[in-house]
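Report on the structure given below.
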Amino acid sequence: MSINLSTPTAAAEVPDIRRTRGGFLWQVIKDRPSAAVGAGILLLFIAISLLAPYIEPFGLRTQVGPVFCRPSAKHLLGCDDGGIDMVSLLIQGGRISLAVGFAATLVAVIIGGGVGILAGYFGGATDIVLMRITDYFLVIPDVPLMIILAALLGPSVRNIILVIGILLWTQPARIIRAQVKSVRERVYVKRARSLGASNTRIILKHVLPQIAPLLIANTVITIAIAIFDETALDFLGLGDPSAISWGTILEHAFVRTAISSGAWWAVIPEGVCVTVVIMGCYLLGQAVEDALNPRLKVAHLSVRRFRMRPLGALGAALGGARP
Amino acid sequence: MRGADYVLKRAAFALITVFAAITLNFVMFRALPGDAVTNLSRVPKATPELKHALLIQFGLDKPKWEQYLIYLKQLTHANLGVSFDNSQPVLKNLKTDLANTIPMVTLGTVFSIVFGILTGILSAWRRGTLLDQVSTNTAVAFYSMPTQWLALMLIILMATRYHFPTQGISDPFLLNPTPWAHIKDVLRHMFLPSLTLGLTLYGEYTLVVRSAMLETLGEDYILTARAKGLPPSQIVRKHALRNAMLPIATLIALSLGYIVAGTVLIEYVFSWPGIGRAVVEAVHNRDYPMLQGAFLILTVSVVFFNFVADLLYFKLDPRVTE
Amino acid sequence: MSLLEVRDLHVWFDLPGGDELHAVQGVSFSLERGERLGLVGESGCGKTTTILALMGLLPPSASVSGQVLLDDEDILAGGEESLRPHRWTDIAMVFQGAMNALNPVRRVGSQIVEPMELHDVASGDAARKHAGELLEMVGIPAARLDHFPHEFSGGMRQRAAMAMALACNPKVLLADEPTTALDVMVQAQLLELLVGLTKDLGLSLILVTHDLPVVAQVCDRAAVMYAGEIVEAGPMESLFHEPRHPYTRLLFAATPDLLGEEEVVSIPGSPPRLDRPLVGCPFRPRCDRAFERCVAERPILKTIDAGHQAACHLNDIPARPTVGATP
């Protein structure tokens, strides 16, 4: 997934959001079913991951059944190549997959946020230099870079987080920069500056709250990309082999001939988990973005057409009753 | 020529970026701590003769900035070094790899573009209906699937049932095939990898095309076209598509650059001997010259296609003059 | 027989949540050959929706009832199907702000030729030649056929849009705020052009605008719309000197005089919501002469004089001075 799902909005069209961050997000979830579904999926998986030690039916390192045993009442999704229960593995796997996703996104947002705020707020030479660096970063193909960095740094969860974060900071940087630039020109910010407020104070108090909603949308989508990248690195053998994540589960299955053994239950479920989580992130992120950029235009062309009503009093009386 | 300065500016940007990529390439492999090339003791399969030859060729006993200059000079001679793995020139290996990757990628990309555009237009046209929702959500679903997992799924579902090969580019047991038999064999091997690529990619095109079409259909000139009495099919063809094609064409051009890089996972699963798999193997074998060369080629291709996208946008949109 | 006759036109829009917006409430008027009719009112009064309905350019959320008789044929009866054949060949439109009404990635010439070929009016070189003539008619050199819209200034784009509207020799030209967002000089030229064209080509014109001086310059007659209905209609002279509806009177008074001699009176308040049924006279909350009858009974458009109609209860009161003469 090298290509970004969303493009940064034009700085000119940033809406003035005076609602609280929490309130806005809640509003979007209430208004749009896709956002609710996305948020629901994420919350479900987060909950499962947090409760993992309490809900895993079997142990993770001990053999509890035959190698590649089929799904049964005892093992709902069968066992892997080591006779370990798949359901337990999946529940546990979510922990690292989600954790890496969130952590890498955090790294990306911190780096990107820093760059974006500096570039957007101070403008001028700072802006030009930082944006050039961003442009060059964007052009570098991310998958090979990711692979090379992971190989150079060594296989550990911490390194994976770092590598993915380094890959993903450009999108938040651009979005934040656009936002900051637009907010900076707003009247209340100018007023604050003329009153002598320090730059830091202005950034924290006035600029950041306005950025939050659009950043949420981008962050959620970045989490999806981070999870995707993590599974890719694991699959290529560059992840931490002792960590249990959906990516390593898939890698084990592949390397240990699950396919030729016909053990589809060792292959399919972890991918389903990743797909569902990524979809959830995308739905939520896209819904928030749509809410911020309402497409006010009515389509002038559509399959459906305007309707005719019978003449006169009958037509007026039928007002409210649709054909 | 109109906008000659625009073209020149973009070309200059592309060249500078390539140069930056070359420098980054050098820094990553030579200047980072744990320098891969210099520390030859970590290189498997390196015979003493090779080590000595490398020392001379890359000037590994000289200071870093001199090595950088040597590196640049070698590049101008199209010398990307020698593979640690098979002791062949890197460029030669990469040429073979690229020749394998490109057909497979082309097939998959064509499928994804065509299918993506069609579904995107259909979804926009039938906005809000069940068809739109199904189409859009399916696109998102495929887009969300880990590529390697989709590949494995296709193998599980299709390989045995329909007798599609899942490994390599051709059947090693097919002796002295006729050209036609060989092509057929390669195509059969290409089917699953290309299909995987196509399904992974099409989703993005669907979503972008749909979005671009909806945006376009809300423009005033569409109402004008309708006012002129044009039937809907003509409005879509002559007005909506023309305008929606702008973001679509640039997206296609941009994504082409990244696709080659993105086939790593697919080639790995299917053991397809292309540049993606070469990167993975080079990583596993610590074959740094190969890695360095491949990375450079991939970066240059992305820059190149970005430049093409700039030109395309310039040509398609008469408003671009700056 | 009038060229165009609109009878009891209603337009509703579906609103999210199941309600309806009754945007046009029983509009009736007629247009004679060669006549220039103004449709005047505040934004939101339904004037644009009315003329869009004449060509059937409404979104799927709209429902329509009423009759639109073109040469005695009800073209509205079959909805989109019966309207489409008449588009551009009988009725054409110049849209508000032709900035985007012209397709930015196609050359102006091809956009003028397009309807000609579509409706078999002309094709190939003949069409191109005719397009060039049309451009010349609106004061643009024919050589600019091959230019793109963004190469034209705002005023030129509007003129090009006019040329395009005339491509199939329509009988009726609808112009929706054609001069908004243009500066005053350009505006005056454009309006002169409009008047000249309609006279020379024998066109009928319906000009929609909120700008009274524009109507005054161009039109012989005008209909004043408020809250989705016509509240007064008549010759420009009558509307100006003897308005028979308080809204008309206040409208003319609210227009700033160039020399600043008249006192500028703005009308306080805002138009009523159209997503709920209206009781009584829609203008009553803002009217300075409302009385008891206005509260519960909605006025009907009645004829006062020859060609002059108004919908106001004040006109029913005998032997009273007129609604308000302009000093």
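Quick note on naming: the chains in the structure tokens go A, B, ... in the order shown, residues restart at 1 in each chain, and ligands are numbered from 1 in order of appearance.
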Once DSSP has gone over the backbone, tell me which residues of region 15-205 of chain C are in strand (DSSP E), as a VMD selection string. chain C and resid 20 to 31 36 to 40 62 to 70 73 to 74 91 to 94 172 to 176 204 to 205
Need to verify the contact set: Pro273 (chain B), 9 Å, only C-alpha atoms, exclusion of same-chain residues closer than 2 positions in sequence. Can you return it as JSON, numbers by chain? {"B": [96, 97, 98, 100, 101, 168, 169, 267, 268, 270, 271, 275, 276, 277, 278]}
With a cut-off of 7 Å and counting only C-alpha atoms, select all residues of chain B in contact with chain C and give the selection as an NGL selection string. :B and (220-221 or 224 or 227-229 or 243 or 317-319)
Suppose we keep N, CA and C atoms; can you now write the selection as a compact mmCIF listing (two decimals), in the first residue's frame?
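As a result, again_12.txt now contains:
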# COMPACT_ATOMS: atom_id res chain seq x y z
N ASP B 220 -20.82 23.48 -13.04
CA ASP B 220 -21.86 24.20 -13.79
C ASP B 220 -21.93 23.80 -15.26
N TYR B 221 -20.78 23.48 -15.84
CA TYR B 221 -20.83 23.20 -17.27
C TYR B 221 -21.59 21.92 -17.58
N THR B 224 -24.98 23.18 -18.04
CA THR B 224 -25.04 23.78 -19.38
C THR B 224 -25.22 22.71 -20.44
N ALA B 227 -28.59 21.53 -20.40
CA ALA B 227 -29.49 22.55 -20.96
C ALA B 227 -29.46 22.55 -22.48
N LYS B 228 -28.33 22.18 -23.04
CA LYS B 228 -28.23 22.15 -24.50
C LYS B 228 -28.99 21.00 -25.11
N GLY B 229 -29.47 20.11 -24.24
CA GLY B 229 -30.23 18.99 -24.77
C GLY B 229 -29.41 17.74 -25.01
N ASN B 243 -12.96 16.10 -18.08
CA ASN B 243 -12.47 16.82 -16.91
C ASN B 243 -12.01 15.88 -15.81
N ASP B 317 -4.44 19.76 -19.10
CA ASP B 317 -5.18 20.88 -18.54
C ASP B 317 -4.69 22.17 -19.16
N PRO B 318 -5.50 22.78 -20.01
CA PRO B 318 -5.03 23.99 -20.67
C PRO B 318 -4.84 25.17 -19.72
N ARG B 319 -5.29 25.01 -18.50
CA ARG B 319 -5.16 26.13 -17.57
C ARG B 319 -3.79 26.21 -16.94
Write out as a tab-separated table a residue-level contact list of chain A versus chain B with cut-off 8 Å: for each qualifying residue the closest pair of atoms and the distance in Å to one decimal, counting only C-alpha atoms, rows sorted by chain and residue number upward.
residue	atom	partner	partner_atom	distance
A:Met1	CA	B:Gly262	CA	7.5
A:Ser2	CA	B:Gly262	CA	6.8
A:Ile3	CA	B:Ser255	CA	7.1
A:Leu5	CA	B:Glu204	CA	7.5
A:Tyr136	CA	B:Thr17	CA	6.1
A:Val139	CA	B:Val303	CA	6.2
A:Ile140	CA	B:Thr299	CA	5.5
A:Pro141	CA	B:Thr299	CA	6.0
A:Asp142	CA	B:Ala261	CA	7.8
A:Val143	CA	B:Gly262	CA	6.3
A:Pro144	CA	B:Ala261	CA	6.5
A:Leu145	CA	B:Phe295	CA	7.6
A:Ile147	CA	B:Val283	CA	7.8
A:Ile148	CA	B:Val283	CA	7.0
A:Ala151	CA	B:Val283	CA	6.6
A:Phe228	CA	B:Pro146	CA	6.2
A:Thr231	CA	B:Pro146	CA	7.3
A:Ala232	CA	B:Leu265	CA	7.2
A:Phe235	CA	B:Gln148	CA	7.7
A:Leu236	CA	B:Val280	CA	7.3
A:Leu250	CA	B:Trp149	CA	7.7
A:Ile259	CA	B:Ile156	CA	7.0
A:Gly262	CA	B:Ile156	CA	8.0
A:Trp264	CA	B:Ile156	CA	7.4
A:Val267	CA	B:Leu152	CA	7.8
A:Ile268	CA	B:Met153	CA	7.2
A:Gly271	CA	B:Trp149	CA	5.9
A:Val272	CA	B:Met145	CA	7.8
A:Val274	CA	B:Met145	CA	7.2
A:Thr275	CA	B:Met145	CA	4.8
A:Val276	CA	B:Ser144	CA	7.7
A:Ile278	CA	B:Ser144	CA	5.6
A:Met279	CA	B:Ser144	CA	5.8
A:Arg295	CA	B:Glu215	CA	7.9
A:Lys297	CA	B:Gly218	CA	5.1
A:Val298	CA	B:Gly218	CA	5.4
A:Ala299	CA	B:Gly218	CA	4.3
A:His300	CA	B:Gly218	CA	5.5
A:Leu301	CA	B:Leu217	CA	6.1
A:Ser302	CA	B:Trp125	CA	6.3
A:Val303	CA	B:Arg126	CA	6.4
Once you count only C-alpha atoms, what closest atom pair and distance in Å to one decimal does each residue of chain A within 6 Å of chain C have, with rows by chain and rising residue number, as a Markdown table?
| residue | atom | partner | partner_atom | distance |
| --- | --- | --- | --- | --- |
| A:Arg304 | CA | C:Pro60 | CA | 5.6 |
| A:Arg305 | CA | C:Pro60 | CA | 4.5 |
| A:Phe306 | CA | C:Pro60 | CA | 4.2 |
| A:Arg307 | CA | C:Ser63 | CA | 4.5 |
| A:Met308 | CA | C:Val64 | CA | 4.9 |
| A:Arg309 | CA | C:Ser65 | CA | 4.9 |
| A:Leu311 | CA | C:Ser65 | CA | 5.6 |
Just checking: using only C-alpha atoms, which residue out of C:Glu117, C:Ala122, C:Ala233, C:Val214 ends up closest to Leu230 (chain B)?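 Among C:Glu117, C:Ala122, C:Ala233, C:Val214, it is C:Glu117 that comes nearest to Leu230 (chain B).
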Return as JSON, numbers by chain the full set of residues in region 119-311 of chain C whose backbone-based DSSP assignment is helix (DSSP H, G or I). {"C": [124, 125, 126, 127, 128, 129, 130, 131, 132, 133, 134, 135, 136, 137, 142, 143, 144, 145, 146, 149, 150, 151, 154, 155, 156, 157, 158, 159, 160, 161, 162, 163, 164, 165, 184, 185, 186, 187, 188, 189, 190, 191, 192, 193, 194, 195, 196, 197, 198, 199, 200, 201, 212, 213, 214, 215, 216, 217, 218, 236, 237, 238, 239, 240, 241, 246, 247, 248, 249, 250, 251, 252, 253, 254, 284, 285, 286, 293, 294, 295, 296]}
Write out as a count of residues only which residues come within 7 Å of region 228-230 of chain C when counting only C-alpha atoms, dropping same-chain ones fewer than 2 positions away. 12
To one decimal place in Å, what is the distance between CA of Ala173 (chain A) and CA of Gly113 (chain A)?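 Rounded to one decimal, the two atoms are 5.4 Å apart.
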Using only C-alpha atoms, which residues sit within 9 Å of region 53-58 of chain A once same-chain residues fewer than 5 positions away are excluded, as a PyMOL selection string? chain A and resi 48+64+75+84-85+87-89+91-92
Filtering to N, CA and C atoms, could you give me those residues as a PDB file, in the first residue's frame?
ATOM      1  N   ILE A  48     -10.446  -6.385  22.434  1.00  0.00           N
ATOM      2  CA  ILE A  48      -9.963  -7.775  22.430  1.00  0.00           C
ATOM      3  C   ILE A  48      -8.475  -7.822  22.769  1.00  0.00           C
ATOM      4  N   VAL A  64      -1.076 -27.733  22.057  1.00  0.00           N
ATOM      5  CA  VAL A  64      -2.322 -28.198  22.674  1.00  0.00           C
ATOM      6  C   VAL A  64      -3.118 -29.102  21.747  1.00  0.00           C
ATOM      7  N   HIS A  75     -11.068 -26.342  19.047  1.00  0.00           N
ATOM      8  CA  HIS A  75     -10.233 -25.304  18.454  1.00  0.00           C
ATOM      9  C   HIS A  75     -10.994 -24.722  17.268  1.00  0.00           C
ATOM     10  N   ILE A  84      -0.375 -25.100  18.041  1.00  0.00           N
ATOM     11  CA  ILE A  84      -0.872 -24.053  18.933  1.00  0.00           C
ATOM     12  C   ILE A  84      -2.228 -23.574  18.420  1.00  0.00           C
ATOM     13  N   ASP A  85      -3.141 -23.293  19.354  1.00  0.00           N
ATOM     14  CA  ASP A  85      -4.491 -22.899  18.978  1.00  0.00           C
ATOM     15  C   ASP A  85      -4.499 -21.568  18.232  1.00  0.00           C
ATOM     16  N   VAL A  87      -7.010 -19.498  17.524  1.00  0.00           N
ATOM     17  CA  VAL A  87      -7.796 -18.410  18.113  1.00  0.00           C
ATOM     18  C   VAL A  87      -6.947 -17.641  19.128  1.00  0.00           C
ATOM     19  N   SER A  88      -6.233 -18.389  19.949  1.00  0.00           N
ATOM     20  CA  SER A  88      -5.370 -17.736  20.931  1.00  0.00           C
ATOM     21  C   SER A  88      -4.313 -16.893  20.246  1.00  0.00           C
ATOM     22  N   LEU A  89      -3.736 -17.456  19.192  1.00  0.00           N
ATOM     23  CA  LEU A  89      -2.710 -16.710  18.470  1.00  0.00           C
ATOM     24  C   LEU A  89      -3.268 -15.402  17.911  1.00  0.00           C
ATOM     25  N   ILE A  91      -5.869 -13.659  18.900  1.00  0.00           N
ATOM     26  CA  ILE A  91      -6.178 -12.677  19.937  1.00  0.00           C
ATOM     27  C   ILE A  91      -4.896 -11.986  20.391  1.00  0.00           C
ATOM     28  N   GLN A  92      -3.869 -12.795  20.585  1.00  0.00           N
ATOM     29  CA  GLN A  92      -2.593 -12.225  21.018  1.00  0.00           C
ATOM     30  C   GLN A  92      -1.968 -11.382  19.920  1.00  0.00           C
TER      31      GLN A  92
END
Kindly indicate which residue among C:Leu37, C:Thr248, C:Leu301, C:Ala160 lies nearest to Gln217 (chain C), using only C-alpha atoms for the distances.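 Of C:Leu37, C:Thr248, C:Leu301, C:Ala160, the one nearest Gln217 (chain C), counting only C-alpha atoms, is C:Leu37.
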Using only C-alpha atoms, determine which residues lie at most 7 Å from Gly155 (chain C), disregarding the query and same-chain residues fewer than 4 positions distant; provide the list as a PyMOL selection string. chain C and resi 159+182+186
May I have the selected residues written with C-alpha atoms, as a PDB file, in the first residue's frame?
ATOM      1  CA  ARG C 159     -20.827  37.210 -24.178  1.00  0.00           C
ATOM      2  CA  LEU C 182     -19.087  41.951 -13.515  1.00  0.00           C
ATOM      3  CA  VAL C 186     -19.028  45.801 -18.536  1.00  0.00           C
TER       4      VAL C 186
END
Considering only C-alpha atoms, state which residue in the set A:Asp234, A:Val129, A:Val157, A:Gly120 is at the smallest distance from Glu185 (chain A). A:Gly120
